Amino acid sequence: MTNSKEDLILQTAENMIRESGYNSFSFRKVAEKVGIKSASVHYHFPTKGELAEAVTKRYTENFIQAIGQPQDLHASGKNPIDVYIAAFRGAIVADNGVCLGGMLGAEVGSLPDDVIKATRTFFLRNVEWLEEAYQCLNYKGDINAKAKQTVSLLEGAMIISNVMKDISYFDSSAELLT
């Protein structure tokens with residue numbers, strides 16, 4: 001984004017959604033945290049749904065970009081699955097939270113259609129990334145099923161670790177993938 005105020009709004013909204021979900025954040029709360037008027041949030045994002053959709057699209061791009069390309073990771077001697085696991089773990093340890101996709105996925109019944117679509121895209125992009133990663137590793141089983149299993153296992157482990165305030169739930173689950 002070129003507008004730093006817009007970036008701050010997006011980051012603030014992301015943090016609030018990751019912490020408490022879509023239904024607990026509002027333009028007023030975002031504006032308070034950013035230090036602007038609610039009308040300024042509306043200027044950039046006319047509706048709450050448009051803000052959440054933009055947050056989700058930004059989160060997806062940032063996540064996929066942060067983990068890199070599976071082929072490049074493999075070529076540099078890194079296991080792409082280990083990198084993927086580390087990215088999820090980082091959300092728990094460094095951010096003290098859960099994945100935006102997991103949080104929105106839990107609320108899918110009450111989300112606007114565009115936010116649902118953006119959340120689905122997050123998971124589809126993750127499955128595609130994991131399929132490429134497992135191809136690089138010459139996985140011999142059903143690559144699509146393994147990719148879905150991986151993202152599902154890590155999302156669930158992340159949620160349970162967050163609830164229990166105990167990273168060992170995540171770590172012991174992630175060990176099943178390595």
# chains A, B, ... in the order shown; residues from 1 in each chain; ligands from 1
>>> closest_atom_pairs(of="range 77-169 of chain A", to="range 20-36 of chain A", cutoff="10 Å", atoms="only C-alpha atoms", output="JSON lines")
{"residue": "A:Gly97", "atom": "CA", "partner": "A:Ser20", "partner_atom": "CA", "distance": 9.5}
{"residue": "A:Val98", "atom": "CA", "partner": "A:Ser20", "partner_atom": "CA", "distance": 9.8}
{"residue": "A:Leu100", "atom": "CA", "partner": "A:Gly21", "partner_atom": "CA", "distance": 8.5}
{"residue": "A:Gly102", "atom": "CA", "partner": "A:Gly21", "partner_atom": "CA", "distance": 9.7}
{"residue": "A:Met103", "atom": "CA", "partner": "A:Gly21", "partner_atom": "CA", "distance": 6.0}
{"residue": "A:Leu104", "atom": "CA", "partner": "A:Gly21", "partner_atom": "CA", "distance": 6.6}
{"residue": "A:Gly105", "atom": "CA", "partner": "A:Gly21", "partner_atom": "CA", "distance": 9.8}
{"residue": "A:Ala106", "atom": "CA", "partner": "A:Gly21", "partner_atom": "CA", "distance": 8.7}
{"residue": "A:Glu107", "atom": "CA", "partner": "A:Tyr22", "partner_atom": "CA", "distance": 7.4}
{"residue": "A:Val108", "atom": "CA", "partner": "A:Tyr22", "partner_atom": "CA", "distance": 9.5}
{"residue": "A:Ser110", "atom": "CA", "partner": "A:Asn23", "partner_atom": "CA", "distance": 8.1}
{"residue": "A:Leu111", "atom": "CA", "partner": "A:Tyr22", "partner_atom": "CA", "distance": 7.6}
{"residue": "A:Val115", "atom": "CA", "partner": "A:Tyr22", "partner_atom": "CA", "distance": 9.7}
>>> closest_residue(among="A:Ser40, A:Asn62, A:Asn126, A:Asn162", to="Glu19 in chain A", atoms="only C-alpha atoms")
A:Asn162
>>> residues_around(residues="His74 in chain A", least_positions_apart="5", cutoff="12 Å", atoms="only C-alpha atoms", output="PyMOL selection string")
chain A and resi 68-69+79-83+132-138
>>> write_last_selection(atoms="N, CA and C atoms", output="PDB file, in the first residue's frame")
ATOM      1  N   GLY A  68       8.102 -17.725   1.057  1.00  0.00           N
ATOM      2  CA  GLY A  68       8.895 -17.931  -0.151  1.00  0.00           C
ATOM      3  C   GLY A  68       8.351 -19.036  -1.033  1.00  0.00           C
ATOM      4  N   GLN A  69       9.043 -19.282  -2.098  1.00  0.00           N
ATOM      5  CA  GLN A  69       8.637 -20.300  -3.055  1.00  0.00           C
ATOM      6  C   GLN A  69       9.218 -21.654  -2.664  1.00  0.00           C
ATOM      7  N   ASN A  79      14.018 -27.426   3.892  1.00  0.00           N
ATOM      8  CA  ASN A  79      12.797 -28.208   3.735  1.00  0.00           C
ATOM      9  C   ASN A  79      11.619 -27.227   3.757  1.00  0.00           C
ATOM     10  N   PRO A  80      10.869 -27.108   2.652  1.00  0.00           N
ATOM     11  CA  PRO A  80       9.765 -26.145   2.612  1.00  0.00           C
ATOM     12  C   PRO A  80       8.707 -26.388   3.698  1.00  0.00           C
ATOM     13  N   ILE A  81       8.502 -27.629   4.073  1.00  0.00           N
ATOM     14  CA  ILE A  81       7.511 -27.933   5.113  1.00  0.00           C
ATOM     15  C   ILE A  81       7.987 -27.392   6.455  1.00  0.00           C
ATOM     16  N   ASP A  82       9.264 -27.494   6.732  1.00  0.00           N
ATOM     17  CA  ASP A  82       9.811 -26.921   7.968  1.00  0.00           C
ATOM     18  C   ASP A  82       9.634 -25.406   7.994  1.00  0.00           C
ATOM     19  N   VAL A  83       9.834 -24.767   6.852  1.00  0.00           N
ATOM     20  CA  VAL A  83       9.651 -23.310   6.759  1.00  0.00           C
ATOM     21  C   VAL A  83       8.187 -22.955   7.003  1.00  0.00           C
ATOM     22  N   GLU A 132       2.994 -27.820  -3.970  1.00  0.00           N
ATOM     23  CA  GLU A 132       4.297 -27.582  -4.606  1.00  0.00           C
ATOM     24  C   GLU A 132       5.436 -28.043  -3.699  1.00  0.00           C
ATOM     25  N   ALA A 133       5.298 -27.772  -2.412  1.00  0.00           N
ATOM     26  CA  ALA A 133       6.331 -28.173  -1.452  1.00  0.00           C
ATOM     27  C   ALA A 133       6.481 -29.684  -1.420  1.00  0.00           C
ATOM     28  N   TYR A 134       5.365 -30.386  -1.356  1.00  0.00           N
ATOM     29  CA  TYR A 134       5.441 -31.859  -1.321  1.00  0.00           C
ATOM     30  C   TYR A 134       5.953 -32.426  -2.646  1.00  0.00           C
ATOM     31  N   GLN A 135       5.661 -31.756  -3.754  1.00  0.00           N
ATOM     32  CA  GLN A 135       6.226 -32.196  -5.036  1.00  0.00           C
ATOM     33  C   GLN A 135       7.746 -32.061  -5.019  1.00  0.00           C
ATOM     34  N   CYS A 136       8.239 -30.940  -4.480  1.00  0.00           N
ATOM     35  CA  CYS A 136       9.699 -30.737  -4.376  1.00  0.00           C
ATOM     36  C   CYS A 136      10.356 -31.835  -3.552  1.00  0.00           C
ATOM     37  N   LEU A 137       9.626 -32.304  -2.549  1.00  0.00           N
ATOM     38  CA  LEU A 137      10.158 -33.335  -1.654  1.00  0.00           C
ATOM     39  C   LEU A 137       9.888 -34.750  -2.161  1.00  0.00           C
ATOM     40  N   ASN A 138       9.322 -34.852  -3.367  1.00  0.00           N
ATOM     41  CA  ASN A 138       9.010 -36.141  -3.996  1.00  0.00           C
ATOM     42  C   ASN A 138       8.106 -37.010  -3.124  1.00  0.00           C
TER      43      ASN A 138
END
>>> select_by_dssp(residues="range 19-87 of chain A", states="alpha helix (DSSP H)", output="VMD selection string")
chain A and resid 19 to 20 27 to 34 38 to 44 48 to 67 70 to 75 80 to 87
